[in-house]
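Pasted below: data-v3.cif, mmCIF, C-alpha atoms and all ligand atoms.
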```cif
data_work
#
loop_
_atom_site.label_atom_id
_atom_site.label_comp_id
_atom_site.auth_asym_id
_atom_site.auth_seq_id
_atom_site.Cartn_x
_atom_site.Cartn_y
_atom_site.Cartn_z
CA MET A 10 -21.73 -13.92 -2.61
CA ILE A 11 -20.77 -10.30 -3.06
CA ASN A 12 -21.41 -8.23 -6.16
CA PHE A 13 -18.44 -5.93 -6.78
CA GLU A 14 -20.09 -4.74 -9.98
CA ASN A 15 -22.66 -2.57 -8.23
CA ILE A 16 -21.42 0.68 -9.72
CA LYS A 17 -24.14 2.78 -8.08
CA VAL A 18 -22.85 1.82 -4.63
CA ALA A 19 -19.23 2.31 -5.75
CA PHE A 20 -19.79 5.96 -6.69
CA ALA A 21 -22.60 6.89 -4.30
CA ASP A 22 -20.56 9.58 -2.55
CA LYS A 23 -19.16 11.09 -5.75
CA SER A 24 -20.81 14.16 -7.27
CA ASP A 25 -21.24 14.53 -11.04
CA LYS A 26 -18.33 16.96 -10.92
CA ASP A 27 -16.14 14.41 -9.10
CA LEU A 28 -16.98 11.82 -11.74
CA SER A 29 -16.20 14.14 -14.63
CA ARG A 30 -12.86 15.04 -13.08
CA ALA A 31 -12.04 11.36 -12.55
CA TYR A 32 -13.06 10.58 -16.13
CA LEU A 33 -10.78 13.26 -17.53
CA LEU A 34 -7.91 12.15 -15.31
CA PHE A 35 -8.08 8.44 -16.17
CA LYS A 36 -8.71 9.17 -19.84
CA THR A 37 -5.56 11.30 -19.92
CA ILE A 38 -3.25 8.95 -18.04
CA SER A 39 -4.54 5.89 -19.88
CA ASN A 40 -2.75 7.06 -22.99
CA PRO A 41 0.89 5.95 -22.56
CA ILE A 42 2.28 8.68 -24.80
CA ILE A 43 0.42 11.49 -23.05
CA SER A 44 1.05 9.95 -19.64
CA ASN A 45 4.81 9.57 -20.22
CA THR A 46 5.13 13.05 -21.69
CA LEU A 47 3.20 14.58 -18.81
CA THR A 48 5.17 12.78 -16.10
CA ALA A 49 8.47 13.77 -17.75
CA PHE A 50 7.28 17.38 -17.99
CA ILE A 51 6.16 17.41 -14.34
CA LYS A 52 9.50 16.02 -13.14
CA VAL A 53 11.44 18.69 -15.05
CA ALA A 54 9.04 21.47 -14.04
CA MET A 55 9.28 20.55 -10.35
CA TRP A 56 13.06 20.35 -10.61
CA LEU A 57 13.12 23.83 -12.14
CA HIS A 58 10.73 25.01 -9.38
CA LEU A 59 8.16 26.12 -11.95
CA PRO A 60 4.86 27.01 -10.28
CA ILE A 61 2.83 23.97 -11.35
CA SER A 62 1.89 22.58 -7.91
CA TRP A 63 -1.55 24.17 -8.11
CA ALA A 64 -2.30 22.29 -11.37
CA ILE A 65 -1.20 18.95 -9.89
CA LYS A 66 -3.14 19.68 -6.72
CA ALA A 67 -6.36 20.37 -8.61
CA THR A 68 -6.16 17.18 -10.68
CA VAL A 69 -4.17 14.02 -9.96
CA TYR A 70 -3.39 14.98 -6.34
CA LYS A 71 -7.04 15.76 -5.58
CA HIS A 72 -8.02 12.32 -6.84
CA PHE A 73 -5.36 10.20 -5.13
CA CYS A 74 -4.41 12.16 -1.98
CA GLY A 75 -6.11 13.29 1.21
CA GLY A 76 -4.31 16.60 1.79
CA THR A 77 -0.95 18.13 2.54
CA THR A 78 -1.18 17.43 6.29
CA ILE A 79 -3.01 15.06 8.64
CA GLU A 80 -5.34 17.91 9.60
CA ASN A 81 -6.40 18.79 6.11
CA SER A 82 -6.98 15.13 5.22
CA GLN A 83 -9.87 15.14 7.71
CA ALA A 84 -12.58 15.78 5.10
CA THR A 85 -11.45 12.67 3.18
CA ILE A 86 -11.35 10.58 6.38
CA ASP A 87 -14.87 11.68 7.33
CA LYS A 88 -16.29 11.11 3.87
CA LEU A 89 -14.92 7.57 3.66
CA TRP A 90 -16.16 6.79 7.16
CA GLU A 91 -19.72 7.76 6.17
CA SER A 92 -19.54 4.66 3.94
CA ASN A 93 -17.93 2.57 6.73
CA ILE A 94 -14.54 2.72 5.06
CA GLY A 95 -11.57 3.35 7.32
CA THR A 96 -8.48 5.39 6.52
CA ILE A 97 -4.78 4.61 6.74
CA LEU A 98 -2.91 7.91 6.82
CA ASP A 99 0.08 7.37 4.58
CA PHE A 100 2.78 10.05 4.78
CA SER A 101 3.99 9.68 1.22
CA ALA A 102 7.15 11.73 1.15
CA GLU A 103 9.66 9.69 -0.85
CA GLY A 104 13.26 9.95 -1.98
CA LYS A 105 14.55 11.61 1.19
CA GLU A 106 18.23 11.18 1.99
CA ASN A 107 19.10 12.86 5.27
CA GLU A 108 18.67 12.18 8.96
CA GLU A 109 16.55 15.28 9.52
CA ASP A 110 13.97 14.14 6.97
CA PHE A 111 14.03 10.60 8.39
CA ASN A 112 13.25 11.94 11.87
CA LEU A 113 10.48 14.07 10.39
CA ALA A 114 8.96 10.99 8.73
CA MET A 115 9.20 9.07 12.02
CA ASN A 116 7.44 11.91 13.85
CA GLU A 117 4.72 12.03 11.18
CA THR A 118 4.09 8.29 11.58
CA ILE A 119 3.98 8.65 15.35
CA ALA A 120 1.52 11.55 14.97
CA SER A 121 -0.65 9.37 12.73
CA ILE A 122 -0.62 6.61 15.38
CA GLN A 123 -1.58 9.13 18.08
CA LYS A 124 -4.47 10.26 15.91
CA ALA A 125 -5.52 6.69 15.12
CA LYS A 126 -5.64 5.59 18.76
CA SER A 127 -8.78 7.58 19.51
CA GLU A 128 -10.55 7.38 16.13
CA SER A 129 -12.26 4.24 14.89
CA SER A 130 -12.22 5.72 11.38
CA ILE A 131 -8.44 5.11 11.34
CA PRO A 132 -7.91 1.41 12.10
CA PHE A 133 -4.22 1.19 11.03
CA SER A 134 -1.07 3.24 10.62
CA VAL A 135 1.68 2.69 8.09
CA PHE A 136 5.21 3.69 7.18
CA LYS A 137 7.52 3.24 4.26
CA PRO A 138 11.02 2.10 5.35
CA THR A 139 12.78 4.30 2.76
CA GLY A 140 11.24 7.26 4.56
CA LEU A 141 13.43 6.33 7.55
CA ALA A 142 16.81 5.49 6.00
CA ARG A 143 18.85 6.00 2.85
CA PHE A 144 18.06 3.59 0.04
CA ALA A 145 21.76 2.81 -0.50
CA LEU A 146 22.18 1.96 3.17
CA LEU A 147 19.26 -0.49 3.08
CA GLU A 148 20.80 -2.06 0.00
CA LYS A 149 24.14 -2.54 1.75
CA ILE A 150 22.47 -4.05 4.82
CA SER A 151 20.39 -6.34 2.60
CA ASN A 152 23.40 -7.79 0.79
CA ASN A 153 25.50 -8.05 3.94
CA SER A 154 28.11 -5.54 2.76
CA ASN A 155 30.58 -4.18 5.28
CA LEU A 156 29.35 -0.91 6.71
CA THR A 157 31.55 2.08 7.49
CA LYS A 158 31.49 3.50 11.01
CA GLU A 159 29.10 6.25 9.89
CA GLU A 160 26.85 3.70 8.24
CA GLU A 161 26.77 1.61 11.41
CA ILE A 162 25.47 4.71 13.19
CA GLU A 163 22.89 5.27 10.45
CA LYS A 164 21.79 1.65 10.76
CA THR A 165 21.38 2.01 14.52
CA ASN A 166 19.36 5.20 13.96
CA PHE A 167 17.16 3.46 11.38
CA GLU A 168 16.46 0.55 13.72
CA GLY A 169 15.84 2.97 16.57
CA ARG A 170 13.26 4.89 14.53
CA ILE A 171 11.43 1.69 13.60
CA GLU A 172 11.47 0.45 17.17
CA ASN A 173 10.16 3.81 18.37
CA ILE A 174 7.27 3.68 15.87
CA CYS A 175 6.46 0.04 16.68
CA GLN A 176 6.59 0.70 20.42
CA THR A 177 4.14 3.61 19.98
CA ALA A 178 1.82 1.45 17.88
CA SER A 179 1.88 -1.36 20.43
CA ASP A 180 1.45 1.00 23.44
CA ASN A 181 -1.54 2.64 21.76
CA LYS A 182 -2.96 -0.59 20.36
CA VAL A 183 -2.90 0.65 16.79
CA PRO A 184 -1.96 -2.03 14.23
CA LEU A 185 0.88 -0.89 12.00
CA PHE A 186 1.81 -1.81 8.42
CA ILE A 187 5.41 -1.82 7.22
CA ASP A 188 5.32 -1.26 3.44
CA ALA A 189 7.40 -3.44 1.12
CA GLU A 190 9.84 -2.03 -1.39
CA GLU A 191 12.36 -3.17 -4.06
CA SER A 192 13.69 -6.71 -3.57
CA TRP A 193 17.30 -5.54 -3.26
CA ILE A 194 16.51 -3.57 -0.11
CA GLN A 195 13.73 -5.80 1.21
CA GLY A 196 16.07 -8.14 3.14
CA ALA A 197 16.89 -5.35 5.61
CA ILE A 198 13.19 -4.54 5.96
CA ASP A 199 12.11 -8.17 6.46
CA ASP A 200 14.73 -8.73 9.14
CA ILE A 201 13.65 -5.82 11.25
CA ALA A 202 9.95 -6.48 10.60
CA ILE A 203 10.35 -10.02 11.95
CA LYS A 204 12.22 -8.70 14.99
CA MET A 205 9.38 -6.26 15.64
CA MET A 206 6.76 -9.00 15.34
CA GLN A 207 8.74 -11.17 17.75
CA LYS A 208 8.91 -8.31 20.22
CA PHE A 209 5.48 -6.68 19.94
CA ASN A 210 3.11 -9.39 18.65
CA LYS A 211 3.20 -11.61 21.74
CA ASN A 212 -0.54 -11.39 22.44
CA GLU A 213 -1.94 -9.95 19.24
CA ALA A 214 -0.69 -8.83 15.81
CA TRP A 215 0.17 -5.13 16.10
CA ILE A 216 3.01 -5.17 13.57
CA TYR A 217 2.31 -6.25 9.99
CA ASN A 218 4.98 -6.85 7.36
CA THR A 219 4.07 -6.70 3.66
CA LEU A 220 4.56 -9.60 1.25
CA GLN A 221 4.77 -8.92 -2.50
CA LEU A 222 3.43 -12.00 -4.22
CA TYR A 223 4.95 -11.12 -7.61
CA ARG A 224 8.14 -12.36 -6.01
CA ASN A 225 8.74 -16.02 -6.67
CA ASP A 226 10.06 -16.72 -3.15
CA ARG A 227 7.31 -15.19 -1.03
CA VAL A 228 5.14 -18.24 -0.42
CA ASP A 229 8.26 -19.97 0.95
CA HIS A 230 8.98 -16.89 3.05
CA LEU A 231 5.45 -16.97 4.41
CA GLU A 232 5.77 -20.64 5.34
CA MET A 233 9.10 -19.95 7.07
CA LEU A 234 7.47 -17.11 9.01
CA PHE A 235 4.52 -19.25 10.10
CA LYS A 236 6.90 -21.96 11.30
CA LEU A 237 8.95 -19.44 13.27
CA ALA A 238 5.82 -17.90 14.79
CA ALA A 239 4.50 -21.32 15.81
CA GLU A 240 7.85 -22.21 17.44
CA GLU A 241 8.35 -18.88 19.19
CA LYS A 242 4.69 -18.22 19.87
CA PHE A 243 4.14 -14.80 18.37
CA PHE A 244 1.32 -13.52 16.19
CA VAL A 245 1.91 -12.77 12.51
CA GLY A 246 0.52 -9.66 10.83
CA LEU A 247 0.67 -9.56 7.03
CA LYS A 248 -0.43 -7.20 4.32
CA LEU A 249 -0.53 -9.09 1.04
CA VAL A 250 0.08 -7.18 -2.19
CA ARG A 251 1.16 -8.19 -5.68
CA GLY A 252 3.99 -5.62 -5.82
CA ALA A 253 4.55 -2.19 -7.29
CA TYR A 254 8.02 -2.41 -8.85
CA HIS A 255 7.58 -5.15 -11.44
CA GLU A 256 9.36 -3.47 -14.34
CA GLN A 257 12.27 -2.25 -12.22
CA GLU A 258 12.76 -5.77 -10.81
CA ILE A 259 12.95 -7.32 -14.26
CA GLU A 260 15.19 -4.60 -15.69
CA ARG A 261 17.67 -4.74 -12.81
CA ALA A 262 17.92 -8.53 -12.85
CA LYS A 263 18.60 -8.40 -16.57
CA GLU A 264 21.12 -5.61 -16.28
CA LYS A 265 23.06 -7.24 -13.42
CA GLY A 266 22.64 -10.79 -14.69
CA TYR A 267 21.02 -12.47 -11.69
CA ASN A 268 17.93 -14.70 -11.58
CA CYS A 269 14.80 -12.64 -11.88
CA PRO A 270 13.19 -12.50 -8.40
CA VAL A 271 9.68 -11.84 -9.71
CA HIS A 272 7.22 -13.87 -11.75
CA THR A 273 7.10 -12.82 -15.37
CA ILE A 274 3.75 -14.43 -16.04
CA LYS A 275 0.88 -12.56 -14.42
CA GLU A 276 -1.05 -15.77 -13.75
CA ASN A 277 1.78 -17.01 -11.51
CA THR A 278 1.60 -13.86 -9.42
CA ASP A 279 -2.15 -14.37 -9.10
CA ILE A 280 -1.69 -18.02 -8.09
CA ASP A 281 0.83 -17.08 -5.39
CA TYR A 282 -1.33 -14.21 -4.15
CA ASN A 283 -4.35 -16.44 -3.75
CA LYS A 284 -2.25 -19.20 -2.17
CA ALA A 285 -0.87 -16.76 0.41
CA LEU A 286 -4.35 -15.45 1.17
CA THR A 287 -5.64 -18.98 1.64
CA LEU A 288 -2.73 -19.91 3.94
CA CYS A 289 -3.31 -16.82 6.06
CA ILE A 290 -6.99 -17.58 6.54
CA GLU A 291 -6.27 -21.25 7.24
CA ASN A 292 -3.94 -20.09 10.03
CA ILE A 293 -6.17 -17.33 11.35
CA ASP A 294 -5.57 -18.52 14.92
CA PHE A 295 -2.23 -16.74 14.88
CA VAL A 296 -2.37 -14.66 11.68
CA SER A 297 -4.00 -11.31 10.90
CA VAL A 298 -4.20 -10.40 7.24
CA CYS A 299 -4.96 -7.40 5.08
CA ALA A 300 -5.63 -8.02 1.39
CA GLY A 301 -4.13 -4.93 -0.28
CA THR A 302 -5.45 -5.46 -3.77
CA HIS A 303 -7.60 -4.03 -6.54
CA ASN A 304 -8.09 -7.49 -7.99
CA GLU A 305 -11.71 -8.64 -7.95
CA GLU A 306 -10.94 -12.36 -8.03
CA SER A 307 -8.64 -12.19 -5.02
CA SER A 308 -11.17 -10.03 -3.16
CA ALA A 309 -13.95 -12.49 -4.00
CA LEU A 310 -11.71 -15.35 -2.86
CA LEU A 311 -11.28 -13.67 0.50
CA VAL A 312 -15.05 -13.42 0.91
CA GLU A 313 -15.33 -17.11 0.02
CA LEU A 314 -12.59 -18.08 2.50
CA LEU A 315 -14.28 -16.17 5.32
CA ASN A 316 -17.52 -18.01 4.60
CA LYS A 317 -15.80 -21.36 4.37
CA HIS A 318 -14.01 -20.93 7.70
CA ASN A 319 -16.99 -19.35 9.48
CA ILE A 320 -15.08 -16.17 10.19
CA SER A 321 -17.36 -13.21 10.73
CA LYS A 322 -17.28 -10.37 8.20
CA ASP A 323 -16.16 -7.85 10.79
CA ASP A 324 -13.47 -10.02 12.41
CA LYS A 325 -10.67 -7.53 13.11
CA ARG A 326 -8.05 -10.01 11.92
CA VAL A 327 -9.18 -9.64 8.31
CA TYR A 328 -9.27 -6.47 6.21
CA PHE A 329 -9.75 -5.53 2.57
CA SER A 330 -7.71 -2.56 1.46
CA GLN A 331 -7.46 -0.38 -1.63
CA LEU A 332 -5.76 2.91 -2.45
CA LEU A 333 -7.73 6.16 -2.37
CA GLY A 334 -9.12 6.85 -5.83
CA MET A 335 -8.76 3.25 -7.02
CA SER A 336 -11.19 0.33 -7.20
CA ASP A 337 -14.02 1.97 -5.32
CA HIS A 338 -16.29 -0.77 -6.65
CA ILE A 339 -14.46 -3.22 -4.36
CA SER A 340 -14.11 -0.93 -1.33
CA TYR A 341 -17.67 0.44 -1.27
CA ASN A 342 -19.44 -2.82 -2.09
CA ALA A 343 -17.42 -4.79 0.47
CA ALA A 344 -18.00 -2.13 3.14
CA LYS A 345 -21.72 -2.05 2.38
CA GLU A 346 -21.86 -5.81 2.92
CA GLY A 347 -20.29 -5.34 6.36
CA PHE A 348 -16.70 -6.41 5.65
CA ASN A 349 -13.76 -4.48 7.15
CA VAL A 350 -12.44 -2.10 4.53
CA VAL A 351 -9.71 0.49 4.76
CA LYS A 352 -8.22 2.84 2.17
CA TYR A 353 -4.66 4.13 1.99
CA VAL A 354 -4.97 7.92 2.08
CA PRO A 355 -1.63 9.39 1.02
CA TYR A 356 -0.85 12.87 2.27
CA GLY A 357 2.06 15.29 2.17
CA PRO A 358 3.32 18.30 0.23
CA VAL A 359 2.74 18.02 -3.53
CA LYS A 360 6.44 17.83 -4.43
CA ASP A 361 7.00 15.03 -1.89
CA VAL A 362 4.16 12.78 -3.06
CA LEU A 363 5.13 13.09 -6.70
CA SER A 364 6.80 9.66 -6.91
CA TYR A 365 3.64 8.09 -5.48
CA LEU A 366 1.47 9.93 -8.02
CA ILE A 367 3.74 8.95 -10.89
CA ARG A 368 3.45 5.28 -9.87
CA ARG A 369 -0.34 5.62 -9.91
CA ALA A 370 -0.18 7.21 -13.38
CA GLU A 371 2.13 4.45 -14.63
CA GLU A 372 -0.02 1.60 -13.36
CA ASN A 373 -3.09 3.25 -14.89
CA THR A 374 -1.78 3.48 -18.42
CA SER A 375 -3.56 1.14 -20.80
CA ILE A 376 -0.63 -1.31 -21.03
CA ALA A 377 -0.95 -2.21 -17.33
CA GLY A 378 -4.57 -3.25 -17.75
CA GLN A 379 -5.75 -1.48 -14.62
CA MET A 380 -6.93 1.51 -16.60
CA GLY A 381 -9.65 -0.42 -18.33
CA ARG A 382 -11.20 -1.23 -14.99
CA GLU A 383 -11.27 2.30 -13.56
CA LEU A 384 -12.34 4.06 -16.74
CA THR A 385 -14.98 1.50 -17.64
CA ASN A 386 -16.57 1.85 -14.23
CA ILE A 387 -16.61 5.65 -14.43
CA ILE A 388 -18.12 5.61 -17.91
CA GLU A 389 -20.76 3.11 -16.82
CA GLU A 390 -21.74 5.24 -13.82
CA LYS A 391 -21.94 8.40 -15.93
CA LYS A 392 -24.23 6.53 -18.32
CA ARG A 393 -26.33 5.15 -15.45
CA ARG A 394 -26.82 8.66 -14.03
CA ARG A 395 -27.81 10.08 -17.42
CA ASN A 396 -30.49 7.39 -17.77
CA ALA A 397 -31.68 7.46 -14.15
C1 LIG B 1 -3.67 -1.16 0.26
C2 LIG B 1 -2.51 -1.35 -0.64
C3 LIG B 1 -1.22 -1.32 -0.13
C4 LIG B 1 -0.12 -1.51 -0.96
N1 LIG B 1 1.14 -1.56 -0.44
C5 LIG B 1 2.19 -1.88 -1.23
C6 LIG B 1 3.49 -2.08 -0.69
O1 LIG B 1 3.72 -1.95 0.51
N2 LIG B 1 4.49 -2.42 -1.53
C7 LIG B 1 4.28 -2.60 -2.89
O2 LIG B 1 5.21 -2.96 -3.61
N3 LIG B 1 3.06 -2.40 -3.42
C8 LIG B 1 2.02 -2.05 -2.63
N4 LIG B 1 0.77 -1.88 -3.19
C9 LIG B 1 0.61 -1.90 -4.68
C10 LIG B 1 0.41 -3.32 -5.16
O3 LIG B 1 1.61 -4.03 -4.97
C11 LIG B 1 0.04 -3.42 -6.64
O4 LIG B 1 0.96 -2.71 -7.42
C12 LIG B 1 -1.32 -2.91 -7.01
O5 LIG B 1 -2.24 -3.05 -5.98
C13 LIG B 1 -1.82 -3.66 -8.24
O6 LIG B 1 -2.02 -5.04 -7.98
P1 LIG B 1 -3.45 -5.68 -7.65
O7 LIG B 1 -3.34 -6.81 -6.73
O8 LIG B 1 -4.30 -4.58 -7.21
O9 LIG B 1 -4.08 -6.21 -9.00
P2 LIG B 1 -3.84 -6.58 -10.48
O10 LIG B 1 -4.22 -5.37 -11.26
O11 LIG B 1 -4.55 -7.85 -10.73
O12 LIG B 1 -2.31 -6.88 -10.69
C14 LIG B 1 -1.35 -5.98 -11.17
C15 LIG B 1 -0.05 -6.45 -10.56
O13 LIG B 1 0.30 -7.75 -11.05
C16 LIG B 1 1.70 -7.88 -11.15
N5 LIG B 1 2.05 -8.14 -12.56
C17 LIG B 1 1.75 -7.36 -13.62
N6 LIG B 1 2.23 -7.91 -14.76
C18 LIG B 1 2.83 -9.06 -14.41
C19 LIG B 1 3.53 -10.09 -15.14
N7 LIG B 1 3.71 -10.03 -16.46
N8 LIG B 1 4.01 -11.15 -14.44
C20 LIG B 1 3.84 -11.24 -13.10
N9 LIG B 1 3.22 -10.31 -12.38
C21 LIG B 1 2.72 -9.23 -13.01
C22 LIG B 1 2.30 -6.57 -10.66
O14 LIG B 1 2.57 -6.72 -9.30
C23 LIG B 1 1.15 -5.57 -10.86
O15 LIG B 1 1.24 -4.48 -9.98
C24 LIG B 1 -0.33 -1.70 -2.37
C25 LIG B 1 -1.62 -1.71 -2.87
C26 LIG B 1 -2.69 -1.55 -2.05
C27 LIG B 1 -4.06 -1.60 -2.63
#
```
Please express the file's structure as structure tokens.
Ligand SMILES: Cc1cc2nc3c(=O)[nH]c(=O)nc-3n(C[C@H](O)[C@H](O)[C@H](O)COP(=O)(O)OP(=O)(O)OC[C@H]3O[C@@H](n4cnc5c(N)ncnc54)[C@H](O)[C@@H]3O)c2cc1C
Amino acid sequence: MINFENIKVAFADKSDKDLSRAYLLFKTISNPIISNTLTAFIKVAMWLHLPISWAIKATVYKHFCGGTTIENSQATIDKLWESNIGTILDFSAEGKENEEDFNLAMNETIASIQKAKSESSIPFSVFKPTGLARFALLEKISNNSNLTKEEEIEKTNFEGRIENICQTASDNKVPLFIDAEESWIQGAIDDIAIKMMQKFNKNEAWIYNTLQLYRNDRVDHLEMLFKLAAEEKFFVGLKLVRGAYHEQEIERAKEKGYNCPVHTIKENTDIDYNKALTLCIENIDFVSVCAGTHNEESSALLVELLNKHNISKDDKRVYFSQLLGMSDHISYNAAKEGFNVVKYVPYGPVKDVLSYLIRRAEENTSIAGQMGRELTNIIEEKKRRRNA
């Protein structure tokens, strides 16, 4: 059995200064009033082009991001790899709305695949579909609305970009994650993700879709996908997450008066997450899975499932994954035990990764529960070092 509570291992590569900075950061964002005020201020300040990037860069950005470019994320990649933790370079520019930016995001992803092909420290690449098409377009495709002529062209461009990225990943043998987003645009993403798996996963899983298990229909979706894969003989790649847009999902369903697509009881999300993980491991013959979670129970379950099914710790079909700056106690302890671990390392210009950073701040306020975990661990390690 694995001990995720070994705090010394979790923070072994952090200096006292790193720890103090992390303490201050989590302490600040754990307070919902301060956190909300700060995020509102940052949004306005960035909109007004006030020179605050340096302050963000020295604090929250430094903790959660690798650098502004692939090149200057290298120090983070190397440091993680010293602890046998791989990197997924995640170009985190969000909220883009024009074709030029979409092509730029495609080129960034392709560059990250090119880099990954020759470096074992980068076992996966990733992209976020809203980096490649307008949100409103994905929504229209998802609800089968009629598209204008221009939108048809945009749709073709979107699919072309995805195909280009997937082709590059498959040619270079770099597994690729497709991130999941809000449920009302996810239909368009799922459709193309399945097409890409059918096309490129004939001998191995190179393309991975993401399932958000806070959604109450995802276990059914997973079973449908397994059935299709068995019939058509392709390999399934899945990243399993709980889901990052819980509040927005509930609010929108309420506002528009449709059935809420997500669980409203946390335990039900946990049950579905663990069920999906179990089903993936039970079908390991044609499934590759990455557990994208900071949840200790689900991570421990994965260890247990590997043992039960005699799957070796370093089997490339199974990965643990956390975000940079979060749940190091899981990442570092699992990696030390010889399991495959990889961290999302977001990168990009400060103003472009702001939405990502705000999500991290929001999920680390005390109401979300996550905060307790991060701050408690940091405090414990500071205490341990004082007494050592
Ligand atoms: C490597 C990695 C990749 C990721 N990729 C994506 C992605 O592509 N798309 C995406 O949406 N998210 C993604 N996430 C974020 C993820 O979805 C979660 O928001 C985050 O990891 C917190 O969930 P958890 O499993 O770590 O653990 P926990 O802290 O145990 O769970 C928190 C999560 O539980 C759910 N939850 C909270 N309250 C309730 C409630 N009342 N009822 C039901 N459910 C509730 C929410 O999903 C919340 O995020 C990723 C995370 C990681 C680590």
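Using only C-alpha atoms for every distance, the candidate list A:Ile79, A:Glu260, A:Val312, A:Lys325 yields A:Lys325 as the residue closest to Phe133 of chain A.
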Close residues, Lys360 of chain A itself excluded, 9 Å, only C-alpha atoms, min 2 positions apart in chain, as number ranges by chain: A: 55, 62, 102, 357-358, 362-364
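Coordinates place atom CA of Thr96 of chain A at a distance of 9.5 Å from atom CA of Ser330 of chain A.
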Which residues of chain A sit at most 7 Å from ligand LIG 1 (chain B), using only C-alpha atoms and all ligand atoms? Give each one's shortest atom pair and distance in Å (one decimal place), in chain and ascending residue order, as CSV.
```
residue,atom,partner,partner_atom,distance
A:Ile187,CA,B:LIG1,O1,6.9
A:Asp188,CA,B:LIG1,O1,3.4
A:Ala189,CA,B:LIG1,O1,4.0
A:Glu190,CA,B:LIG1,O2,5.2
A:Thr219,CA,B:LIG1,O1,5.7
A:Gln221,CA,B:LIG1,O2,6.1
A:Tyr223,CA,B:LIG1,N9,5.1
A:Val250,CA,B:LIG1,O3,4.5
A:Arg251,CA,B:LIG1,O14,4.2
A:Gly252,CA,B:LIG1,O3,3.0
A:Ala253,CA,B:LIG1,O4,3.6
A:Tyr254,CA,B:LIG1,O2,6.0
A:His255,CA,B:LIG1,C22,5.5
A:Val271,CA,B:LIG1,C20,6.8
A:His272,CA,B:LIG1,C20,4.5
A:Thr273,CA,B:LIG1,N8,3.6
A:Ile274,CA,B:LIG1,N8,3.7
A:Lys275,CA,B:LIG1,N8,3.4
A:Glu276,CA,B:LIG1,C20,6.7
A:Asn277,CA,B:LIG1,C20,6.3
A:Thr278,CA,B:LIG1,N9,4.9
A:Gly301,CA,B:LIG1,C1,3.8
A:Thr302,CA,B:LIG1,O8,3.7
A:His303,CA,B:LIG1,O8,3.4
A:Asn304,CA,B:LIG1,O9,4.3
A:Ser330,CA,B:LIG1,C1,4.4
A:Gln331,CA,B:LIG1,C27,3.7
A:Leu332,CA,B:LIG1,C27,4.8
A:Lys352,CA,B:LIG1,C1,6.4
A:Tyr353,CA,B:LIG1,C1,5.7
A:Ala377,CA,B:LIG1,C17,6.9
A:Gly378,CA,B:LIG1,O10,6.8
A:Gln379,CA,B:LIG1,O10,5.4
```
Within 12 Å of Ser151 of chain A using all atoms listed in the file, minus same-chain residues under 4 positions, as a PyMOL selection string: chain A and resi 144-147+155-156+164+191-201
12 Å contact set for Ser24 of chain A, all atoms listed in the file, chain neighbours under 4 positions out, as JSON, numbers by chain: {"A": [17, 20, 28, 29, 30, 31, 387, 390, 391, 394]}
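For the set A:Asn112, A:Asn268, A:Ser130, A:Thr46, the residue with the smallest atom-to-atom gap to Asn166 of chain A is A:Asn112, counting all atoms listed in the file.
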Put the listed atoms of segment 18-32 of chain A in a box along x, y and z with 8 Å added on every side and give me the centre and edge lengths in Å to one decimal, as JSON.
```
{"center_x": -17.4, "center_y": 9.4, "center_z": -9.3, "size_x": 26.8, "size_y": 31.1, "size_z": 29.6}
```
Per-residue nearest contacts of segment 195-277 of chain A to segment 172-185 of chain A (7 Å; all atoms listed in the file) as JSON lines:
```
{"residue": "A:Phe209", "atom": "CA", "partner": "A:Ser179", "partner_atom": "CA", "distance": 6.4}
{"residue": "A:Trp215", "atom": "CA", "partner": "A:Pro184", "partner_atom": "CA", "distance": 4.2}
{"residue": "A:Ile216", "atom": "CA", "partner": "A:Leu185", "partner_atom": "CA", "distance": 5.0}
{"residue": "A:Tyr217", "atom": "CA", "partner": "A:Leu185", "partner_atom": "CA", "distance": 5.9}
```
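Put simply, atom CA of Arg227 of chain A is 13.4 Å away from atom CA of Cys269 of chain A.
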Interatomic distance, atom CA of Ile86 of chain A to atom CA of Glu313 of chain A (Å, one decimal): 28.7 Å
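Residues lying within 12 Å of Asn386 of chain A, counting only C-alpha atoms and ignoring same-chain neighbours fewer than 6 positions away, are A:Phe13, A:Glu14, A:Asn15, A:Ile16, A:Lys17, A:Val18, A:Ala19, A:Phe20, A:Leu28, A:Ala31, A:Tyr32, A:Phe35, A:Met335, A:Ser336, A:Asp337, A:His338, A:Ile339, A:Gln379, A:Met380, A:Lys392, A:Arg393.
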Cut-off 12 Å around (-1.2, 22.1, -11.7) with all atoms listed in the file: residues as a list of chain:residue names: A:Leu47, A:Phe50, A:Ile51, A:Ala54, A:Met55, A:Leu59, A:Pro60, A:Ile61, A:Ser62, A:Trp63, A:Ala64, A:Ile65, A:Lys66, A:Ala67, A:Thr68, A:Val69, A:Tyr70, A:Lys71, A:Val359, A:Lys360
Within 8 Å of Tyr365 of chain A using only C-alpha atoms, minus same-chain residues under 4 positions, as a PyMOL selection string: chain A and resi 101+103+369
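Distances here use only C-alpha atoms; by that measure, the residue among A:Ile150, A:Ala262, A:Leu384, A:Val354 closest to Thr77 of chain A is A:Val354.
Between Asp99 of chain A and the candidates A:Leu231, A:Ala125, A:Ile290, A:Ala397, the tightest atom-to-atom separation, counting all atoms listed in the file, involves A:Ala125.
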